[in-house]
Structures are given as structure tokens and as C-alpha cells.
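Beneath this line is the structure, given in C-alpha cells, with notes to follow.
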Amino acid sequence: MELGVSESVRIIMIVHLLVAGIRSPLDEWCRTYAWWPVAPGLEAILSHSHGEGLLGDSLYSVSACLLGLSAPQTLANYRLLGQGYDLADEVWFCADPVHLRADVNAALLIEGACLGLDIKMAHRLQEGLNDFFGSEGWSFRVTSPTTWYARPPERFSLPKFENLSALAGQDIGIVLRQTRTDKNWKRFYAELQMWLVQVSTPLLSGQEKLSPVNSLWFWGGTPLQGGAGFDMGVVCAKDPAICGMGLKSGIPVEEISVQELLEQGRNAMVWLDSLHFGSAYDDLDAWESALAILDENWFRPLAEALHTGKVSEVHLYDQRFHWVSHRTSRWRFWEGQKTLSAALGLSPK
């Protein structure tokens, strides 16, 4: 008897979900608001899950391992590739526009997505940066209002800052003080910030509610080490760095729904970052709204697919955790069924 589509994928389809911001803010919210997350689909996936070791020190590193990227490139080059620029032979860094909101006790890092930048304003700043710093050997490139790049002069040493999304909304004063830098970097960075304040602030005339670009965040210049990789059939993502990794690995990159994914029966890596904003900027309402949408659009259908056997495994990753749920896990009744709070490692409700 020939197997139908659902039967043929019953024991082979594996889905890897990379979900930024699903865990990091929850401890503080539980303590402060006596609040607990609610997501029936996610709870069904994690109710019989177990933890495994992370494949990397960030979700980008995990992605590189999952895709089996054997020739390490920088995240900046992957992101450029995902935006249509193949500059693998050139040394570029992500140099994204940010606002450092400083007071006596802290310096909060605010991403460009929160600053109301448009592409016309971004290009005006790019032209000014190249005019001002170009004589020193710097080159700046803008590919979107929020994704900028810099190519430093030869033999110029840039500090190794963490990726922007991991530090967004955080007090980076300690990071700046503890990161090893030389005098050339300190001089350049001070001049850069003074120039940005002088030039970007007038561009916001009449838009007092918006914060100016007063700094750039340099990151993504360290090669990502790949791993053995998994048998991946498709990458589902909008993030340009992940799209670039998929293109480099030769795996199709598509924006498809979970229903289409299940119909096709391909192993998949899915990048879901809609929880990032609420997590980074301590916005519980935004986080809950995003979680409800993810639960309806992804977690519920995948939980049902696990139950029926269309999917054999679901792996869920955030920056510090890796959960694995097998289709046979629900039969391990002696292990008990975990609530969502327990599966996420929160105190019992």
C-alpha cells in the first residue's frame, strides 16, 4: 500500500522554532505583577518536553549550527547577502542606528526601529558620515532605515560587542566600560556620537516625540562557526541575516504559513521574533498580544501535528534555553504533564 503525504512524513518531519524573547523577561514579570503566561498551544508542545544543551551562544549561532554552515562568515556578511549584497570578500560590520538614552545611573540602548527613521533620512546621514569620516578610511552603507554597515580603515581594531537585539532596552553602561578598546576607537566613537547628535537632531525638527540617532552599534564582525547541520528542507524567516544564512547553505528561504509547511512535510527552521519588542522594552501588553498571535498561528497547529504524528519533533530555542518535544513524549505518563509555567522554569502558579 502506498503511503499518503501525511503518512510519509509521520515520523520524519522535524521543526526547529527559534523564538527570540520567549523566556528572558518572565521571571521579573512574575515577581512584579504576580502574572503568568497563557498560551494553550505552546503549553501543549512543552507539557512533555525536556531540555537539551544549546548549540551556540546566541540564536544566530544556533541558526548557523542548524544550517551546517561550513565556511564561517561574519553575521554582517550574511545579513548583507540576505538583503541582496554578496560582499563576502569585504570586511563589513553591522553599524545600526541607535539612541543611547542616558541619565545619571544608566544608558539604555534603543534600536533604530523605535526611532521613526525613514530611508531618506538614513541616506542623508550615510552621505554625511562618508563625507566626514571617509578621509580616515571609513566607509558606511545603508540598506534600510534600520540596517546600516561600516567598513573600518585597515588595521583598525573594533571592539567585540554583542548583537544589537540581545542588548536592546538594556543598560549598556557596564558593557561599554568593561569592553576592551584602544585609544583610536575611543577617539573615533566620541567624534561619531558628537557628529550624529549635531546632524540628526535638526532632521527631527517638528517631531519632538522621536529620539535622534546619537550613536551606532557596531556588531556582527566575528565569523560565526557552523556545525554539522540538520537535514533541513526550508528556512522560514524575514530576518535578513537568517535569510542570508539560508541562501549560503543552499536551503530554500520562504515566507510560508504553518499550514503550508505541514502540507509540504519538509523539515524546517522557523525564525519567530515578534516577541522581541515586548521583551526588550519591558512591554508586557505587547508581549502578551504577540504571544497570542504566535500561539494561534504556529504553536497550536504544531501541537496538533505532534499529537497526530505529522510532526515527529518540535525543538524550541531562545537565547538561553532549548526545549525538545517528541511525538511519543505524551505516552510517558509517569513523567507527568507540565504546566506552561513549569515547562518555562517559572515558580508554580
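Note on naming: chains are A, B, ... as they come in the C-alpha cells, residues start from 1 per chain, ligands start from 1 in the order shown.
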ask   = Within 10 Å of Gln198 in chain A, counting only C-alpha atoms, which residues qualify if same-chain residues fewer than 6 places away don't, as JSON, numbers by chain?
value = {"A": [212, 213, 214]}
For the selection just defined, write its residues with N, CA and C atoms to a file, as an mmCIF file, in the first residue's frame.
```
data_model
loop_
_atom_site.group_PDB
_atom_site.id
_atom_site.type_symbol
_atom_site.label_atom_id
_atom_site.label_comp_id
_atom_site.auth_asym_id
_atom_site.auth_seq_id
_atom_site.Cartn_x
_atom_site.Cartn_y
_atom_site.Cartn_z
ATOM 1 N N PRO A 212 16.571 61.227 18.484
ATOM 2 C CA PRO A 212 17.530 61.256 17.384
ATOM 3 C C PRO A 212 18.487 60.066 17.432
ATOM 4 N N VAL A 213 19.087 59.776 16.302
ATOM 5 C CA VAL A 213 20.186 58.811 16.254
ATOM 6 C C VAL A 213 21.399 59.505 16.866
ATOM 7 N N ASN A 214 21.844 59.024 18.019
ATOM 8 C CA ASN A 214 23.016 59.646 18.639
ATOM 9 C C ASN A 214 24.199 58.692 18.761
#
```
From range 170-340 of chain A, collect each residue whose DSSP state is alpha helix (DSSP H) and return the set as a compact mmCIF listing (two decimals) with N, CA and C atoms, in the first residue's frame.
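Output below, filename states39.txt:
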```
# COMPACT_ATOMS: atom_id res chain seq x y z
N GLY A 173 25.76 50.67 29.96
CA GLY A 173 26.87 51.40 30.54
C GLY A 173 28.00 50.48 30.98
N ILE A 174 27.64 49.38 31.64
CA ILE A 174 28.66 48.43 32.10
C ILE A 174 29.34 47.77 30.91
N VAL A 175 28.57 47.44 29.86
CA VAL A 175 29.15 46.82 28.66
C VAL A 175 30.20 47.75 28.05
N LEU A 176 29.87 49.02 27.94
CA LEU A 176 30.80 49.97 27.33
C LEU A 176 32.06 50.14 28.19
N ARG A 177 31.87 50.12 29.50
CA ARG A 177 33.02 50.32 30.38
C ARG A 177 33.92 49.09 30.43
N GLN A 178 33.33 47.90 30.33
CA GLN A 178 34.11 46.68 30.50
C GLN A 178 34.69 46.13 29.19
N LYS A 183 42.74 53.51 22.18
CA LYS A 183 42.54 54.95 22.12
C LYS A 183 41.98 55.40 20.77
N ASN A 184 42.33 54.68 19.70
CA ASN A 184 41.81 55.04 18.38
C ASN A 184 40.29 54.86 18.33
N TRP A 185 39.81 53.75 18.89
CA TRP A 185 38.37 53.52 18.94
C TRP A 185 37.68 54.57 19.81
N LYS A 186 38.22 54.86 20.97
CA LYS A 186 37.59 55.83 21.86
C LYS A 186 37.49 57.21 21.20
N ARG A 187 38.54 57.61 20.51
CA ARG A 187 38.51 58.91 19.82
C ARG A 187 37.47 58.90 18.72
N PHE A 188 37.48 57.84 17.89
CA PHE A 188 36.52 57.76 16.79
C PHE A 188 35.09 57.74 17.30
N TYR A 189 34.82 56.94 18.34
CA TYR A 189 33.44 56.78 18.82
C TYR A 189 32.93 58.08 19.42
N ALA A 190 33.79 58.82 20.11
CA ALA A 190 33.38 60.11 20.66
C ALA A 190 33.05 61.10 19.54
N GLU A 191 33.90 61.13 18.50
CA GLU A 191 33.64 62.02 17.37
C GLU A 191 32.36 61.61 16.64
N LEU A 192 32.16 60.31 16.48
CA LEU A 192 30.96 59.82 15.80
C LEU A 192 29.70 60.25 16.53
N GLN A 193 29.68 60.10 17.84
CA GLN A 193 28.49 60.46 18.60
C GLN A 193 28.23 61.95 18.57
N MET A 194 29.29 62.75 18.67
CA MET A 194 29.10 64.21 18.60
C MET A 194 28.57 64.62 17.23
N TRP A 195 29.10 64.00 16.16
CA TRP A 195 28.63 64.33 14.81
C TRP A 195 27.16 63.94 14.65
N LEU A 196 26.79 62.76 15.10
CA LEU A 196 25.40 62.30 14.95
C LEU A 196 24.43 63.20 15.69
N VAL A 197 24.77 63.61 16.89
CA VAL A 197 23.89 64.49 17.66
C VAL A 197 23.69 65.82 16.92
N GLN A 198 24.77 66.38 16.40
CA GLN A 198 24.69 67.67 15.71
C GLN A 198 23.90 67.60 14.43
N VAL A 199 23.99 66.46 13.72
CA VAL A 199 23.37 66.35 12.40
C VAL A 199 21.97 65.76 12.47
N SER A 200 21.76 64.72 13.28
CA SER A 200 20.46 64.03 13.26
C SER A 200 19.39 64.79 14.03
N THR A 201 19.74 65.53 15.05
CA THR A 201 18.73 66.25 15.83
C THR A 201 17.96 67.26 14.98
N PRO A 202 18.61 68.08 14.16
CA PRO A 202 17.83 69.01 13.31
C PRO A 202 16.91 68.31 12.32
N LEU A 203 17.25 67.08 11.92
CA LEU A 203 16.41 66.36 10.97
C LEU A 203 15.05 66.00 11.56
N PRO A 240 16.91 39.42 7.73
CA PRO A 240 17.84 39.29 6.60
C PRO A 240 19.08 38.47 6.90
N ALA A 241 19.55 38.47 8.15
CA ALA A 241 20.72 37.64 8.48
C ALA A 241 20.39 36.16 8.34
N ILE A 242 19.23 35.76 8.80
CA ILE A 242 18.81 34.37 8.69
C ILE A 242 18.55 34.00 7.23
N CYS A 243 17.97 34.93 6.48
CA CYS A 243 17.76 34.68 5.05
C CYS A 243 19.10 34.48 4.35
N GLY A 244 20.09 35.30 4.73
CA GLY A 244 21.41 35.15 4.14
C GLY A 244 22.05 33.83 4.47
N MET A 245 21.88 33.36 5.71
CA MET A 245 22.41 32.06 6.09
C MET A 245 21.75 30.95 5.28
N GLY A 246 20.43 31.06 5.10
CA GLY A 246 19.74 30.05 4.31
C GLY A 246 20.23 30.02 2.87
N LEU A 247 20.40 31.21 2.28
CA LEU A 247 20.90 31.28 0.91
C LEU A 247 22.30 30.68 0.80
N LYS A 248 23.15 30.98 1.78
CA LYS A 248 24.52 30.47 1.76
C LYS A 248 24.55 28.96 1.88
N SER A 249 23.62 28.41 2.65
CA SER A 249 23.59 26.95 2.86
C SER A 249 22.90 26.21 1.72
N VAL A 258 2.25 27.95 8.64
CA VAL A 258 2.45 26.63 9.22
C VAL A 258 1.61 25.59 8.48
N GLN A 259 0.45 25.99 7.97
CA GLN A 259 -0.39 25.05 7.23
C GLN A 259 0.31 24.59 5.95
N GLU A 260 0.93 25.54 5.22
CA GLU A 260 1.68 25.16 4.02
C GLU A 260 2.86 24.28 4.36
N LEU A 261 3.52 24.61 5.47
CA LEU A 261 4.67 23.82 5.90
C LEU A 261 4.27 22.38 6.18
N LEU A 262 3.17 22.21 6.89
CA LEU A 262 2.72 20.86 7.24
C LEU A 262 2.27 20.09 6.02
N GLU A 263 1.68 20.78 5.05
CA GLU A 263 1.26 20.11 3.82
C GLU A 263 2.47 19.61 3.03
N GLN A 264 3.54 20.39 3.03
CA GLN A 264 4.73 20.02 2.27
C GLN A 264 5.56 18.95 2.98
N HIS A 276 10.13 39.96 20.49
CA HIS A 276 11.34 40.70 20.85
C HIS A 276 11.04 42.09 21.42
N PHE A 277 10.16 42.83 20.78
CA PHE A 277 9.92 44.21 21.21
C PHE A 277 9.42 44.27 22.65
N GLY A 278 8.37 43.47 22.96
CA GLY A 278 7.83 43.47 24.32
C GLY A 278 8.85 43.01 25.34
N SER A 279 9.66 42.02 24.96
CA SER A 279 10.68 41.51 25.86
C SER A 279 11.77 42.54 26.12
N ALA A 280 12.25 43.19 25.06
CA ALA A 280 13.37 44.12 25.17
C ALA A 280 13.01 45.38 25.92
N LEU A 284 4.74 44.41 28.70
CA LEU A 284 4.02 43.16 28.91
C LEU A 284 2.82 43.04 27.98
N ASP A 285 2.08 44.13 27.78
CA ASP A 285 0.90 44.06 26.91
C ASP A 285 1.29 43.68 25.49
N ALA A 286 2.34 44.31 24.98
CA ALA A 286 2.79 43.99 23.62
C ALA A 286 3.25 42.54 23.53
N TRP A 287 3.94 42.08 24.57
CA TRP A 287 4.43 40.70 24.58
C TRP A 287 3.27 39.71 24.60
N GLU A 288 2.26 39.96 25.44
CA GLU A 288 1.10 39.06 25.50
C GLU A 288 0.35 39.02 24.18
N SER A 289 0.19 40.18 23.54
CA SER A 289 -0.51 40.23 22.25
C SER A 289 0.25 39.43 21.20
N ALA A 290 1.57 39.60 21.18
CA ALA A 290 2.39 38.87 20.21
C ALA A 290 2.35 37.37 20.48
N LEU A 291 2.36 36.99 21.77
CA LEU A 291 2.31 35.58 22.12
C LEU A 291 0.99 34.95 21.68
N ALA A 292 -0.11 35.68 21.84
CA ALA A 292 -1.41 35.15 21.44
C ALA A 292 -1.45 34.87 19.94
N ILE A 293 -0.85 35.76 19.16
CA ILE A 293 -0.81 35.57 17.70
C ILE A 293 0.07 34.38 17.33
N LEU A 294 1.24 34.29 17.97
CA LEU A 294 2.12 33.14 17.73
C LEU A 294 1.44 31.83 18.11
N ARG A 300 -0.33 26.27 18.23
CA ARG A 300 -1.50 25.39 18.22
C ARG A 300 -1.44 24.38 17.05
N PRO A 301 -1.21 24.83 15.82
CA PRO A 301 -1.14 23.85 14.72
C PRO A 301 -0.01 22.84 14.90
N LEU A 302 1.13 23.27 15.42
CA LEU A 302 2.23 22.33 15.61
C LEU A 302 1.93 21.36 16.75
N ALA A 303 1.25 21.82 17.79
CA ALA A 303 0.85 20.92 18.87
C ALA A 303 -0.08 19.83 18.34
N GLU A 304 -1.02 20.22 17.48
CA GLU A 304 -1.94 19.25 16.89
C GLU A 304 -1.19 18.29 15.97
N ALA A 305 -0.21 18.82 15.22
CA ALA A 305 0.57 17.96 14.33
C ALA A 305 1.42 16.96 15.12
N LEU A 306 1.93 17.38 16.28
CA LEU A 306 2.64 16.44 17.15
C LEU A 306 1.70 15.34 17.62
N HIS A 307 0.49 15.74 17.99
CA HIS A 307 -0.48 14.78 18.52
C HIS A 307 -0.89 13.75 17.46
N THR A 308 -1.05 14.20 16.21
CA THR A 308 -1.49 13.28 15.16
C THR A 308 -0.34 12.53 14.52
N LEU A 340 2.57 25.27 31.55
CA LEU A 340 3.45 26.14 30.78
C LEU A 340 4.46 26.83 31.69
```
Point-to-point distance from CA of Arg320 in chain A to CA of Ser24 in chain A, Å rounded to tenths =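 Interatomic distance here is 8.2 Å.
Considering only C-alpha atoms, the residue among A:Arg101, A:Arg151, A:Val234, A:Glu111 positioned nearest to Asp89 in chain A is A:Arg151.
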May I have a table of the residues of range 190-299 of chain A lying at most 10 Å from range 42-56 of chain A, giving each one's closest pair of atoms and their distance in Å to one decimal, counting only C-alpha atoms, ordered by chain and ascending residue number, as JSON lines?
```
{"residue": "A:Leu224", "atom": "CA", "partner": "A:Gly56", "partner_atom": "CA", "distance": 9.6}
{"residue": "A:Gln225", "atom": "CA", "partner": "A:Gly56", "partner_atom": "CA", "distance": 8.9}
{"residue": "A:Gly226", "atom": "CA", "partner": "A:Gly56", "partner_atom": "CA", "distance": 9.2}
{"residue": "A:Gly227", "atom": "CA", "partner": "A:Leu55", "partner_atom": "CA", "distance": 8.4}
{"residue": "A:Leu291", "atom": "CA", "partner": "A:Leu42", "partner_atom": "CA", "distance": 9.3}
{"residue": "A:Ala292", "atom": "CA", "partner": "A:Leu42", "partner_atom": "CA", "distance": 9.9}
{"residue": "A:Leu294", "atom": "CA", "partner": "A:Leu42", "partner_atom": "CA", "distance": 8.9}
{"residue": "A:Asp295", "atom": "CA", "partner": "A:Leu42", "partner_atom": "CA", "distance": 6.3}
{"residue": "A:Glu296", "atom": "CA", "partner": "A:Leu42", "partner_atom": "CA", "distance": 9.5}
{"residue": "A:Trp298", "atom": "CA", "partner": "A:Leu42", "partner_atom": "CA", "distance": 8.8}
{"residue": "A:Phe299", "atom": "CA", "partner": "A:Leu42", "partner_atom": "CA", "distance": 5.2}
```
task = Output as a list in words all residues of range 170-287 of chain A that backbone DSSP marks as strand (DSSP E or B).
result = Asp171, Ser215, Leu216, Trp217, Phe218, Trp219, Pro223, Val234, Val235, Cys236, Val253, Glu254, Ala268, Met269, Val270, Trp271 and Leu272 of chain A
Any chance you can output those residues with N, CA and C atoms as a PDB file, in the first residue's frame?
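Okay, again_7.pdb is ready:
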```pdb
ATOM      1  N   ASP A 171      20.582  48.396  29.948  1.00  0.00           N
ATOM      2  CA  ASP A 171      21.575  49.378  30.368  1.00  0.00           C
ATOM      3  C   ASP A 171      22.936  48.885  29.900  1.00  0.00           C
ATOM      4  N   SER A 215      24.065  57.499  18.160  1.00  0.00           N
ATOM      5  CA  SER A 215      25.182  56.555  18.163  1.00  0.00           C
ATOM      6  C   SER A 215      24.907  55.460  17.139  1.00  0.00           C
ATOM      7  N   LEU A 216      25.930  54.696  16.834  1.00  0.00           N
ATOM      8  CA  LEU A 216      25.795  53.481  16.025  1.00  0.00           C
ATOM      9  C   LEU A 216      26.280  52.313  16.867  1.00  0.00           C
ATOM     10  N   TRP A 217      25.636  51.160  16.682  1.00  0.00           N
ATOM     11  CA  TRP A 217      26.052  49.978  17.428  1.00  0.00           C
ATOM     12  C   TRP A 217      26.782  49.033  16.465  1.00  0.00           C
ATOM     13  N   PHE A 218      28.076  48.864  16.720  1.00  0.00           N
ATOM     14  CA  PHE A 218      28.929  48.061  15.857  1.00  0.00           C
ATOM     15  C   PHE A 218      28.948  46.610  16.361  1.00  0.00           C
ATOM     16  N   TRP A 219      28.553  45.687  15.508  1.00  0.00           N
ATOM     17  CA  TRP A 219      28.484  44.285  15.915  1.00  0.00           C
ATOM     18  C   TRP A 219      28.498  43.417  14.649  1.00  0.00           C
ATOM     19  N   PRO A 223      33.344  36.001  12.742  1.00  0.00           N
ATOM     20  CA  PRO A 223      32.820  34.861  11.975  1.00  0.00           C
ATOM     21  C   PRO A 223      31.997  33.916  12.848  1.00  0.00           C
ATOM     22  N   VAL A 234      13.627  23.693   4.509  1.00  0.00           N
ATOM     23  CA  VAL A 234      13.222  25.063   4.244  1.00  0.00           C
ATOM     24  C   VAL A 234      13.554  25.930   5.449  1.00  0.00           C
ATOM     25  N   VAL A 235      13.856  27.188   5.184  1.00  0.00           N
ATOM     26  CA  VAL A 235      14.051  28.200   6.225  1.00  0.00           C
ATOM     27  C   VAL A 235      12.913  29.191   6.095  1.00  0.00           C
ATOM     28  N   CYS A 236      12.177  29.382   7.184  1.00  0.00           N
ATOM     29  CA  CYS A 236      11.068  30.340   7.200  1.00  0.00           C
ATOM     30  C   CYS A 236      11.498  31.545   8.025  1.00  0.00           C
ATOM     31  N   VAL A 253      14.641  29.629   1.148  1.00  0.00           N
ATOM     32  CA  VAL A 253      14.150  30.575   2.146  1.00  0.00           C
ATOM     33  C   VAL A 253      12.784  31.058   1.680  1.00  0.00           C
ATOM     34  N   GLU A 254      11.754  30.803   2.484  1.00  0.00           N
ATOM     35  CA  GLU A 254      10.387  31.129   2.082  1.00  0.00           C
ATOM     36  C   GLU A 254       9.612  31.695   3.261  1.00  0.00           C
ATOM     37  N   ALA A 268      12.036  21.941   8.908  1.00  0.00           N
ATOM     38  CA  ALA A 268      12.077  23.395   8.784  1.00  0.00           C
ATOM     39  C   ALA A 268      12.761  24.046   9.963  1.00  0.00           C
ATOM     40  N   MET A 269      13.407  25.178   9.670  1.00  0.00           N
ATOM     41  CA  MET A 269      13.889  26.094  10.699  1.00  0.00           C
ATOM     42  C   MET A 269      13.066  27.365  10.566  1.00  0.00           C
ATOM     43  N   VAL A 270      12.394  27.745  11.653  1.00  0.00           N
ATOM     44  CA  VAL A 270      11.461  28.873  11.620  1.00  0.00           C
ATOM     45  C   VAL A 270      11.947  29.943  12.598  1.00  0.00           C
ATOM     46  N   TRP A 271      12.134  31.141  12.094  1.00  0.00           N
ATOM     47  CA  TRP A 271      12.609  32.273  12.909  1.00  0.00           C
ATOM     48  C   TRP A 271      11.403  33.125  13.264  1.00  0.00           C
ATOM     49  N   LEU A 272      11.097  33.236  14.558  1.00  0.00           N
ATOM     50  CA  LEU A 272       9.947  33.995  15.040  1.00  0.00           C
ATOM     51  C   LEU A 272      10.441  35.048  16.040  1.00  0.00           C
TER      52      LEU A 272
END
```
Give me the residues within 9 Å of Trp36 in chain A as a PDB file with C-alpha atoms, in the first residue's frame, counting only C-alpha atoms and dropping any in the same chain fewer than 6 places off.
```pdb
ATOM      1  CA  LEU A  26       9.255  36.304  32.518  1.00  0.00           C
ATOM      2  CA  TRP A  29       7.197  39.998  35.329  1.00  0.00           C
ATOM      3  CA  CYS A  30       6.059  37.112  37.534  1.00  0.00           C
ATOM      4  CA  LEU A 340       3.449  26.144  30.775  1.00  0.00           C
ATOM      5  CA  SER A 341       4.919  27.957  33.781  1.00  0.00           C
ATOM      6  CA  LEU A 346       8.937  29.603  36.467  1.00  0.00           C
ATOM      7  CA  LYS A 349       1.349  29.269  39.977  1.00  0.00           C
TER       8      LYS A 349
END
```
message = Could you check the closest approach to Leu75 in chain A for each of A:Thr32, A:Ser135, A:Thr147, A:Thr222 and tell me which residue wins, using only C-alpha atoms?
response =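 Distance minimum relative to Leu75 in chain A lands on A:Thr222.
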message = One number please: CA of Gly21 in chain A to CA of Ser211 in chain A, in Å, one decimal.
response =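 Answer for the CA of Gly21 in chain A to CA of Ser211 in chain A separation: 24.0 Å.
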Close residues, Glu136 in chain A itself excluded, 9 Å, only C-alpha atoms, min 2 positions apart in chain, as a PDB file with C-alpha atoms, in the first residue's frame:
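Generated output (out-v6.pdb):
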```pdb
ATOM      1  CA  PHE A 132      33.095  63.366   7.410  1.00  0.00           C
ATOM      2  CA  PHE A 133      34.913  60.090   8.136  1.00  0.00           C
ATOM      3  CA  GLY A 134      35.807  58.957   4.617  1.00  0.00           C
ATOM      4  CA  TRP A 138      35.817  54.668   6.837  1.00  0.00           C
ATOM      5  CA  PRO A 152      36.718  50.364   9.011  1.00  0.00           C
ATOM      6  CA  PRO A 153      40.159  51.500   7.892  1.00  0.00           C
TER       7      PRO A 153
END
```
request  = Using only C-alpha atoms, determine which residues lie at most 7 Å from range 121-127 of chain A, disregarding the query and same-chain residues fewer than 3 positions distant; provide the list as a VMD selection string.
outcome  = chain A and resid 117 to 118 130 to 131 140 to 142 145
Write the residues of the selection above to a file with N, CA and C atoms, as a CSV table (one decimal), in the first residue's frame.
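Ended up saving to selection15.csv:
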```csv
chain,number,residue,atom,x,y,z
A,117,LEU,N,12.9,56.4,11.9
A,117,LEU,CA,13.7,56.7,10.7
A,117,LEU,C,13.0,56.3,9.4
A,118,ASP,N,13.2,57.1,8.4
A,118,ASP,CA,12.8,56.7,7.1
A,118,ASP,C,14.1,56.6,6.2
A,130,ASN,N,30.0,59.4,5.4
A,130,ASN,CA,31.1,59.1,4.4
A,130,ASN,C,31.9,60.4,4.1
A,131,ASP,N,31.2,61.5,4.1
A,131,ASP,CA,31.9,62.8,3.8
A,131,ASP,C,32.9,63.1,5.0
A,140,PHE,N,30.6,53.8,4.9
A,140,PHE,CA,29.3,53.5,5.5
A,140,PHE,C,28.3,53.2,4.4
A,141,ARG,N,27.5,52.2,4.7
A,141,ARG,CA,26.4,51.8,3.7
A,141,ARG,C,25.1,51.6,4.4
A,142,VAL,N,24.1,52.1,3.8
A,142,VAL,CA,22.7,52.0,4.4
A,142,VAL,C,21.9,51.1,3.4
A,145,PRO,N,16.3,51.6,6.6
A,145,PRO,CA,16.3,52.6,7.6
A,145,PRO,C,17.0,52.1,8.9
```
ask   = Which value, in Å to one decimal, gives the distance between CA of Lys310 in chain A and CA of Thr328 in chain A?
value =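 Separation of CA of Lys310 in chain A and CA of Thr328 in chain A: 11.9 Å.
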query = For Val62 in chain A, which of A:Leu275, A:Val324, A:Leu316, A:Val311 is the closest residue, counting only C-alpha atoms?
reply = A:Leu316
query = A:Trp323, A:Phe156, A:Tyr149, A:Phe230: which is nearest Gly137 in chain A, counting only C-alpha atoms?
reply =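 Nearest to Gly137 in chain A: A:Phe156.
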